[in-house]
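Report on one structure; see the data block that follows.
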Amino acid sequence: MKVGVIGAGAWGTALSIAVSRGGSSVVLWSYDGEYKHFDDVQMPSSIRITSAMSELKDCDTWLIVTPAAYFRETLRRAHEFYDGQPIIICTKGAECPSGQFMSEILSAEVPECVEYGVLSGPQFAAEVARGVPTGSTLAGTDKALDFGREALSDLFLVESSDVIGTEVCGVGKNAVALISGFCRVACMGENDRAMMFTRAWNEVVDIGLAAGGDMRTFLGLCGIGDLFLSATSETSRNFSGGMSIARGQEPSGTVEGIFALCGLMTRARDLGVATPVLDMMHKKLDI
């Protein structure tokens, strides 16, 4: 299989390496021809780096791994080279300020794509690049699951048809990880942190259920699994970003939780879901 990976940040590069280990060749698109270098990990020869989107045209499937803030723009650029491939969305986020999830943006920008899925789970990029055992939820249409299963054979996958629920988990854990990091610094004690963390996640679940998600999705790898990883470790950019904000410092790198929290607020209002903790934290974070 020939897999096109769109986005060469840490996650896109790590996924490219994992796909290569699974036996597929990879075309890794990078807007500037650069990619993330991981210590002690050699880039496989089966990965070709390119800044020309035209080279994605003959790939069997696409993995889209761009930051949420650039997802729509990147899709618009890639659209002319789309040739009916199943697309796996590997970006966790909601657009700010529209509140749209990535699958909804995909349907709007590439309406002819009817075979698509979403990959989400507890995944630190550096560990995936090194081959550390990693589990993920893969949700989508039957054809997208077939292609995703082959392309991502190096990962442990739990398959699902709950695309929206899986996306809300990815968006929500980013937001709650940001809040959890903020509370690590700003809360009065451990009891306070636990209360804020739990109430914030409850509100994410309420949004997901109102959007049509399945409750069991929030208990799986893309839900509790990813939440545990991202909201308890300083390795998480969202968790460490929340700590920086609480200290009055500028977060470093891409902090998806900032965009996620904004998108969730919009979606909650549209769905009529009350989110007092997320609202309060949104104001406290001043974003």
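The chains in the structure tokens are called A, B, ... from first to last as shown; in each chain the residues are counted from 1, and the ligands are counted from 1 in the order shown.
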I need the residues in region 20-252 of chain A that are alpha helix (DSSP H) according to DSSP; give them as number ranges by chain. A: 20-21, 71-78, 102-109, 125-130, 142-151, 163-186, 190-210, 226-230, 237-246
Which polymer residues have any atom within 12 Å of an atom of Asn202 (chain A), counting only C-alpha atoms, with same-chain residues fewer than 3 positions away left out, as a list of chain:residue names? A:Cys169, A:Gly172, A:Lys173, A:Val176, A:Met195, A:Met196, A:Phe197, A:Thr198, A:Arg199, A:Val205, A:Asp206, A:Ile207, A:Gly208, A:Leu209, A:Met215, A:Phe218, A:Leu219, A:Gly223, A:Ile224, A:Val273, A:Ala274, A:Thr275, A:Pro276, A:Val277, A:Leu278
Hey, can you check how far CA of Asp146 (chain A) sits from CA of Gly84 (chain A)? 14.9 Å
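Compared by their closest atoms to Asp40 (chain A), and using only C-alpha atoms, the residues A:Glu150, A:Glu127, A:Glu80, A:Asp58 rank with A:Glu127 nearest.
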List the spatial neighbours of Ser54 (chain A) as an MDAnalysis selection string - criterion: any atom at most 12 Å away, only C-alpha atoms, same-chain residues fewer than 2 positions off excluded. chainID A and resid 4 6 27:29 50:52 56:59 77:83
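Computed from the coordinates, the CA of Thr254 (chain A) to CA of Arg237 (chain A) distance equals 7.4 Å.
Each of A:Pro97, A:Pro86, A:Gly170, A:Pro133 was compared to Cys262 (chain A) using only C-alpha atoms, and A:Pro97 turns out to be the nearest.
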I'd like the neighbourhood of Glu109 (chain A) as a list in words, where a residue qualifies if any of its atoms comes within 7 Å (using only C-alpha atoms), though same-chain residues fewer than 3 positions away should be ignored.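 Once the adjacent positions are removed, what remains is Leu75, Arg76, Ile105 and Leu106 of chain A.
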Residue selection dump (N, CA, C and O atoms) as an mmCIF file, in the first residue's frame:
```cif
data_model
loop_
_atom_site.group_PDB
_atom_site.id
_atom_site.type_symbol
_atom_site.label_atom_id
_atom_site.label_comp_id
_atom_site.auth_asym_id
_atom_site.auth_seq_id
_atom_site.Cartn_x
_atom_site.Cartn_y
_atom_site.Cartn_z
ATOM 1 N N LEU A 75 -6.911 21.233 3.510
ATOM 2 C CA LEU A 75 -7.835 20.459 2.674
ATOM 3 C C LEU A 75 -8.142 21.178 1.363
ATOM 4 O O LEU A 75 -8.224 20.546 0.302
ATOM 5 N N ARG A 76 -8.320 22.476 1.443
ATOM 6 C CA ARG A 76 -8.609 23.243 0.225
ATOM 7 C C ARG A 76 -7.457 23.138 -0.772
ATOM 8 O O ARG A 76 -7.683 23.032 -1.975
ATOM 9 N N ILE A 105 -15.666 19.393 8.519
ATOM 10 C CA ILE A 105 -14.899 20.239 7.605
ATOM 11 C C ILE A 105 -14.515 19.443 6.365
ATOM 12 O O ILE A 105 -14.589 19.946 5.234
ATOM 13 N N LEU A 106 -14.126 18.182 6.552
ATOM 14 C CA LEU A 106 -13.794 17.322 5.414
ATOM 15 C C LEU A 106 -14.991 17.194 4.474
ATOM 16 O O LEU A 106 -14.848 17.329 3.249
#
```
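Summary of the local environment: counting only C-alpha atoms, residues at most 8 Å from Ser25 (chain A), other than itself and those fewer than 3 positions away along its chain, are Met1, Lys2, Val3, Val19, Ser20, Ser46 and Ile47 of chain A.
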Write a file of the just-selected residues containing all heavy atoms, as an mmCIF file, in the first residue's frame.
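As written to disk, out-v3.cif reads:
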```
data_model
loop_
_atom_site.group_PDB
_atom_site.id
_atom_site.type_symbol
_atom_site.label_atom_id
_atom_site.label_comp_id
_atom_site.auth_asym_id
_atom_site.auth_seq_id
_atom_site.Cartn_x
_atom_site.Cartn_y
_atom_site.Cartn_z
ATOM 1 N N MET A 1 0.846 -1.198 0.000
ATOM 2 C CA MET A 1 0.000 0.000 0.000
ATOM 3 C C MET A 1 0.880 1.247 0.000
ATOM 4 O O MET A 1 1.917 1.281 0.643
ATOM 5 C CB MET A 1 -0.927 0.007 1.217
ATOM 6 C CG MET A 1 -1.792 1.257 1.332
ATOM 7 S SD MET A 1 -2.852 1.266 2.797
ATOM 8 C CE MET A 1 -4.126 0.130 2.270
ATOM 9 N N LYS A 2 0.421 2.269 -0.704
ATOM 10 C CA LYS A 2 1.106 3.555 -0.717
ATOM 11 C C LYS A 2 0.232 4.558 0.040
ATOM 12 O O LYS A 2 -0.905 4.818 -0.355
ATOM 13 C CB LYS A 2 1.331 4.014 -2.153
ATOM 14 C CG LYS A 2 2.144 5.291 -2.291
ATOM 15 C CD LYS A 2 2.369 5.615 -3.757
ATOM 16 C CE LYS A 2 3.211 6.863 -3.952
ATOM 17 N NZ LYS A 2 3.421 7.166 -5.401
ATOM 18 N N VAL A 3 0.785 5.107 1.101
ATOM 19 C CA VAL A 3 0.015 5.962 2.002
ATOM 20 C C VAL A 3 0.520 7.390 1.916
ATOM 21 O O VAL A 3 1.732 7.639 2.030
ATOM 22 C CB VAL A 3 0.125 5.451 3.459
ATOM 23 C CG1 VAL A 3 -0.646 6.370 4.404
ATOM 24 C CG2 VAL A 3 -0.387 4.019 3.551
ATOM 25 N N VAL A 19 3.599 3.688 9.919
ATOM 26 C CA VAL A 19 3.053 3.122 8.686
ATOM 27 C C VAL A 19 4.138 2.372 7.924
ATOM 28 O O VAL A 19 3.919 1.276 7.394
ATOM 29 C CB VAL A 19 2.436 4.237 7.813
ATOM 30 C CG1 VAL A 19 2.111 3.718 6.405
ATOM 31 C CG2 VAL A 19 1.171 4.790 8.474
ATOM 32 N N SER A 20 5.327 2.943 7.872
ATOM 33 C CA SER A 20 6.454 2.297 7.198
ATOM 34 C C SER A 20 6.809 0.973 7.865
ATOM 35 O O SER A 20 7.067 -0.031 7.192
ATOM 36 C CB SER A 20 7.662 3.233 7.192
ATOM 37 O OG SER A 20 8.782 2.608 6.619
ATOM 38 N N SER A 46 11.694 4.030 3.106
ATOM 39 C CA SER A 46 10.412 3.899 2.403
ATOM 40 C C SER A 46 9.535 5.135 2.552
ATOM 41 O O SER A 46 8.411 5.173 2.028
ATOM 42 C CB SER A 46 9.651 2.673 2.915
ATOM 43 O OG SER A 46 9.456 2.758 4.316
ATOM 44 N N ILE A 47 10.029 6.158 3.259
ATOM 45 C CA ILE A 47 9.293 7.421 3.412
ATOM 46 C C ILE A 47 9.929 8.469 2.501
ATOM 47 O O ILE A 47 11.125 8.738 2.592
ATOM 48 C CB ILE A 47 9.318 7.914 4.869
ATOM 49 C CG1 ILE A 47 8.643 6.897 5.790
ATOM 50 C CG2 ILE A 47 8.630 9.282 4.982
ATOM 51 C CD1 ILE A 47 8.695 7.267 7.262
#
```
Kindly indicate which residue among A:Val171, A:Val255, A:Ile49, A:Leu261 lies nearest to Met243 (chain A), using only C-alpha atoms for the distances.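 Smallest separation from Met243 (chain A) among the options: A:Val255.
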